[in-house]
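Single-structure report; data block below.
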Amino acid sequence: MPSKPSAPITIDAVYAAPGYLFRRMQQIAVSIFMEECKAFDLTPVQYAALIAIHTHPGIDATRLSAVIAFDRSTLGSVIERLQAKDFVERKPAPEDKRIKLLYLTKSGAAILREIIPAVERAQARMLEPLKPADRKTLMGLMSQLVDLNNEASRVPLRAEDALEHLGKAG
């Protein structure tokens with residue numbers, strides 16, 4: 001049975017597609033973050049990693065990957081950059097010297113304290129064009145979409161699993 005012909009593909013259809021809009025918003029979000037935080041020379045992923053390490057000192061890279069939902073192989077270079085900037089240090093785990101545990105340095109803790117106002121400005125700017133009620137609606141719907149589609153991600157968020165293990169180890 002022949003399939004029903006689909007509507008012709010147009011650029012307007014691309015512009016209205018959810019995937020395109022999410023990708024564009026990601027580009028815009030990163031751009032705004034980088035603009036607001038340029039004095040700190042941190043990317044959004046580096047910032048997320050610093051927050052997670054601050055919140056969970058002694059976390060290893062595998063668990064950090066799960067906590068921030070970032071590809072483990074790429075995260076290695078993020079950690080190396082943070083280490084080169086003297087924001088994090090790696091120490092061998094007492095029970096297995098092959099595992100390196102991550103800790104903020106004094107410089108890392110200081111940059112986190114200093115960058116928070118810039119990050120908050122960036123977050124506010126991303127939603128600023130919307131009315132307050134629309135901001136709340138958008139955030140609720142985005143949270144719902146992210147939660148319901150978590151398993152479709154190449155790197156699903158696994159924070160609870162990772163932190164449960166970390167709590168038992170610590």
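Identifiers in this document derive from the order of the structure tokens: chains are assigned A, B, ..., residues are numbered from 1 separately in each chain, and ligands are numbered from 1 in order of occurrence.
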Let's see if you can do this: from backbone DSSP, list all strand (DSSP E or B) residues in segment 2-133 of chain A, as an mmCIF file with N, CA and C atoms, in the first residue's frame.
```
data_model
loop_
_atom_site.group_PDB
_atom_site.id
_atom_site.type_symbol
_atom_site.label_atom_id
_atom_site.label_comp_id
_atom_site.auth_asym_id
_atom_site.auth_seq_id
_atom_site.Cartn_x
_atom_site.Cartn_y
_atom_site.Cartn_z
ATOM 1 N N ILE A 59 34.163 13.411 44.224
ATOM 2 C CA ILE A 59 33.458 12.687 43.164
ATOM 3 C C ILE A 59 34.486 12.270 42.103
ATOM 4 N N ASP A 60 34.276 11.124 41.488
ATOM 5 C CA ASP A 60 35.163 10.706 40.403
ATOM 6 C C ASP A 60 34.546 11.118 39.070
ATOM 7 N N VAL A 88 40.541 22.746 39.884
ATOM 8 C CA VAL A 88 40.285 21.441 40.483
ATOM 9 C C VAL A 88 41.610 20.696 40.634
ATOM 10 N N GLU A 89 41.589 19.765 41.567
ATOM 11 C CA GLU A 89 42.732 18.871 41.721
ATOM 12 C C GLU A 89 42.220 17.440 41.772
ATOM 13 N N ARG A 90 43.057 16.543 41.297
ATOM 14 C CA ARG A 90 42.738 15.115 41.319
ATOM 15 C C ARG A 90 43.618 14.448 42.362
ATOM 16 N N LYS A 91 42.979 13.617 43.173
ATOM 17 C CA LYS A 91 43.711 12.853 44.182
ATOM 18 C C LYS A 91 43.321 11.394 44.043
ATOM 19 N N PRO A 92 44.263 10.488 44.206
ATOM 20 C CA PRO A 92 43.912 9.063 44.100
ATOM 21 C C PRO A 92 42.953 8.644 45.214
ATOM 22 N N LYS A 100 40.735 8.558 40.264
ATOM 23 C CA LYS A 100 41.094 9.901 40.709
ATOM 24 C C LYS A 100 39.837 10.631 41.175
ATOM 25 N N LEU A 101 39.909 11.152 42.374
ATOM 26 C CA LEU A 101 38.799 11.888 42.961
ATOM 27 C C LEU A 101 39.035 13.379 42.751
ATOM 28 N N LEU A 102 37.952 14.096 42.534
ATOM 29 C CA LEU A 102 38.038 15.506 42.173
ATOM 30 C C LEU A 102 37.650 16.406 43.342
ATOM 31 N N TYR A 103 38.433 17.459 43.521
ATOM 32 C CA TYR A 103 38.208 18.436 44.576
ATOM 33 C C TYR A 103 38.450 19.831 44.018
ATOM 34 N N LEU A 104 37.698 20.803 44.511
ATOM 35 C CA LEU A 104 37.963 22.193 44.150
ATOM 36 C C LEU A 104 39.216 22.661 44.871
#
```
**Message:** Which residues are close to Val67 of chain A, i.e. within 9 Å by only C-alpha atoms, leaving aside same-chain residues fewer than 5 positions away? Reply as a list in words.
**Reply:** Ala49, Ala52, Thr62, Leu157, Arg158, Ala159, Glu160, Asp161, Ala162 and Leu163 of chain A
Expected file contents, prior selection, N, CA and C atoms, as an mmCIF file, in the first residue's frame:
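Saved as part27.cif:
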```
data_model
loop_
_atom_site.group_PDB
_atom_site.id
_atom_site.type_symbol
_atom_site.label_atom_id
_atom_site.label_comp_id
_atom_site.auth_asym_id
_atom_site.auth_seq_id
_atom_site.Cartn_x
_atom_site.Cartn_y
_atom_site.Cartn_z
ATOM 1 N N ALA A 49 30.454 21.455 36.002
ATOM 2 C CA ALA A 49 31.401 20.531 36.635
ATOM 3 C C ALA A 49 31.898 21.109 37.968
ATOM 4 N N ALA A 52 29.173 20.796 40.566
ATOM 5 C CA ALA A 52 29.015 19.403 41.014
ATOM 6 C C ALA A 52 30.175 18.977 41.922
ATOM 7 N N THR A 62 33.577 9.477 36.424
ATOM 8 C CA THR A 62 32.426 8.705 35.941
ATOM 9 C C THR A 62 31.144 9.188 36.598
ATOM 10 N N LEU A 157 20.711 11.638 32.352
ATOM 11 C CA LEU A 157 21.033 12.114 33.687
ATOM 12 C C LEU A 157 20.868 10.947 34.654
ATOM 13 N N ARG A 158 21.906 10.676 35.423
ATOM 14 C CA ARG A 158 21.894 9.570 36.382
ATOM 15 C C ARG A 158 22.396 10.046 37.743
ATOM 16 N N ALA A 159 22.053 11.259 38.103
ATOM 17 C CA ALA A 159 22.585 11.862 39.324
ATOM 18 C C ALA A 159 22.261 11.035 40.560
ATOM 19 N N GLU A 160 21.006 10.601 40.713
ATOM 20 C CA GLU A 160 20.632 9.874 41.930
ATOM 21 C C GLU A 160 21.432 8.588 42.086
ATOM 22 N N ASP A 161 21.575 7.835 40.992
ATOM 23 C CA ASP A 161 22.341 6.588 41.055
ATOM 24 C C ASP A 161 23.792 6.867 41.421
ATOM 25 N N ALA A 162 24.376 7.861 40.777
ATOM 26 C CA ALA A 162 25.779 8.181 41.025
ATOM 27 C C ALA A 162 25.997 8.670 42.449
ATOM 28 N N LEU A 163 25.103 9.515 42.917
ATOM 29 C CA LEU A 163 25.288 10.082 44.244
ATOM 30 C C LEU A 163 24.962 9.080 45.341
#
```
**Test item: residues at most 12 Å from Thr105 of chain A, only C-alpha atoms, excluding those fewer than 2 positions along its chain, as a list in words** = Leu50, Ile53, His54, Pro57, Gly58, Leu82, Gln83, Ala84, Lys85, Asp86, Phe87, Val88, Glu89, Arg90, Lys91, Leu102, Tyr103, Ser107, Gly108, Ala109, Ala110, Ile111 and Leu112 of chain A
**Prompt:** Smallest atom-to-atom distance to Ala29 of chain A: which of A:Ala124, A:Met139, A:Leu145, A:Ala7, using only C-alpha atoms?
**Reply:** A:Ala124
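Using only C-alpha atoms, the residues found no farther than 9 Å from Ala61 of chain A, other than those of its own chain fewer than 4 positions away, are A:Ser65, A:Ala66, A:Arg72, A:Leu75, A:Gly76, A:Ile79, A:Ile99, A:Lys100, A:Leu101, A:Leu102.
Of the listed residues (A:Arg154, A:Ala122, A:Ser77, A:Pro129), A:Ala122 comes nearest to Val30 of chain A; the distances count only C-alpha atoms.
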**Asked** Residues at most 12 Å from Gln123 of chain A, counting only C-alpha atoms, excluding those fewer than 6 positions away in the same chain, as a list in words?
**Response** Ile28, Ala29, Val30, Ser31, Ile32, Phe33, Met34, Glu35, Glu36, Cys37, Pro44, Ile116, Pro117, Pro129, Arg135 and Met139 of chain A
Output for the residues just chosen: N, CA and C atoms as an mmCIF file, in the first residue's frame:
```cif
data_model
loop_
_atom_site.group_PDB
_atom_site.id
_atom_site.type_symbol
_atom_site.label_atom_id
_atom_site.label_comp_id
_atom_site.auth_asym_id
_atom_site.auth_seq_id
_atom_site.Cartn_x
_atom_site.Cartn_y
_atom_site.Cartn_z
ATOM 1 N N ILE A 28 21.769 30.108 21.615
ATOM 2 C CA ILE A 28 21.516 31.400 22.248
ATOM 3 C C ILE A 28 21.911 31.356 23.721
ATOM 4 N N ALA A 29 21.548 30.279 24.415
ATOM 5 C CA ALA A 29 21.863 30.146 25.840
ATOM 6 C C ALA A 29 23.371 30.149 26.066
ATOM 7 N N VAL A 30 24.100 29.411 25.250
ATOM 8 C CA VAL A 30 25.560 29.370 25.395
ATOM 9 C C VAL A 30 26.150 30.748 25.099
ATOM 10 N N SER A 31 25.650 31.399 24.072
ATOM 11 C CA SER A 31 26.138 32.730 23.716
ATOM 12 C C SER A 31 25.918 33.725 24.858
ATOM 13 N N ILE A 32 24.735 33.720 25.433
ATOM 14 C CA ILE A 32 24.439 34.626 26.546
ATOM 15 C C ILE A 32 25.323 34.294 27.746
ATOM 16 N N PHE A 33 25.466 33.000 28.054
ATOM 17 C CA PHE A 33 26.329 32.583 29.168
ATOM 18 C C PHE A 33 27.755 33.087 28.941
ATOM 19 N N MET A 34 28.281 32.856 27.752
ATOM 20 C CA MET A 34 29.662 33.244 27.456
ATOM 21 C C MET A 34 29.832 34.764 27.531
ATOM 22 N N GLU A 35 28.833 35.493 27.095
ATOM 23 C CA GLU A 35 28.898 36.954 27.145
ATOM 24 C C GLU A 35 28.898 37.448 28.594
ATOM 25 N N GLU A 36 27.987 36.945 29.385
ATOM 26 C CA GLU A 36 27.894 37.380 30.782
ATOM 27 C C GLU A 36 29.091 36.924 31.616
ATOM 28 N N CYS A 37 29.660 35.777 31.264
ATOM 29 C CA CYS A 37 30.714 35.171 32.088
ATOM 30 C C CYS A 37 32.100 35.264 31.454
ATOM 31 N N PRO A 44 29.785 26.767 29.952
ATOM 32 C CA PRO A 44 28.685 26.243 30.779
ATOM 33 C C PRO A 44 28.982 24.860 31.366
ATOM 34 N N ILE A 116 28.884 33.448 40.219
ATOM 35 C CA ILE A 116 27.442 33.217 40.426
ATOM 36 C C ILE A 116 26.575 34.402 39.981
ATOM 37 N N PRO A 117 26.903 35.638 40.325
ATOM 38 C CA PRO A 117 26.051 36.739 39.843
ATOM 39 C C PRO A 117 25.985 36.815 38.310
ATOM 40 N N PRO A 129 12.822 38.005 27.569
ATOM 41 C CA PRO A 129 11.820 38.452 26.595
ATOM 42 C C PRO A 129 10.394 37.967 26.893
ATOM 43 N N ARG A 135 7.375 32.614 31.423
ATOM 44 C CA ARG A 135 8.654 32.042 31.886
ATOM 45 C C ARG A 135 8.386 30.800 32.735
ATOM 46 N N MET A 139 9.446 27.004 31.706
ATOM 47 C CA MET A 139 10.342 26.215 32.558
ATOM 48 C C MET A 139 9.671 24.917 33.003
#
```
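For Val155 of chain A, the set of protein, DNA and RNA residues having any atom at most 7 Å away, when counting only C-alpha atoms and skipping those fewer than 5 positions along the same chain, is Ala69, Phe70 and Asp71 of chain A.
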Go ahead and save the picked residues with N, CA and C atoms, as a PDB file, in the first residue's frame.
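Output below, filename out17.pdb:
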```pdb
ATOM      1  N   ALA A  69      25.216  14.915  33.333  1.00  0.00           N
ATOM      2  CA  ALA A  69      24.728  14.373  32.056  1.00  0.00           C
ATOM      3  C   ALA A  69      25.608  14.832  30.899  1.00  0.00           C
ATOM      4  N   PHE A  70      26.902  14.533  31.021  1.00  0.00           N
ATOM      5  CA  PHE A  70      27.856  14.924  29.987  1.00  0.00           C
ATOM      6  C   PHE A  70      28.701  13.711  29.630  1.00  0.00           C
ATOM      7  N   ASP A  71      28.958  13.543  28.355  1.00  0.00           N
ATOM      8  CA  ASP A  71      29.704  12.403  27.838  1.00  0.00           C
ATOM      9  C   ASP A  71      31.028  12.218  28.580  1.00  0.00           C
TER      10      ASP A  71
END
```
**Nearest-residue call for Ile51 of chain A, choices A:Leu130, A:Leu64, A:Ala16, A:Met25, using only C-alpha atoms** =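 Closest to Ile51 of chain A, using only C-alpha atoms: A:Leu64.
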**Item:** Pairwise distance for atom CA of Leu148 of chain A and atom CA of Arg121 of chain A, rounded to one decimal in Å
**Value:** 28.2 Å
**Request:** Please return as a VMD selection string: the residues of chain A that backbone DSSP assigns to alpha helix (DSSP H).
**Result:** chain A and resid 11 to 15 18 to 36 44 to 55 61 to 68 72 to 84 106 to 127 132 to 148 159 to 169
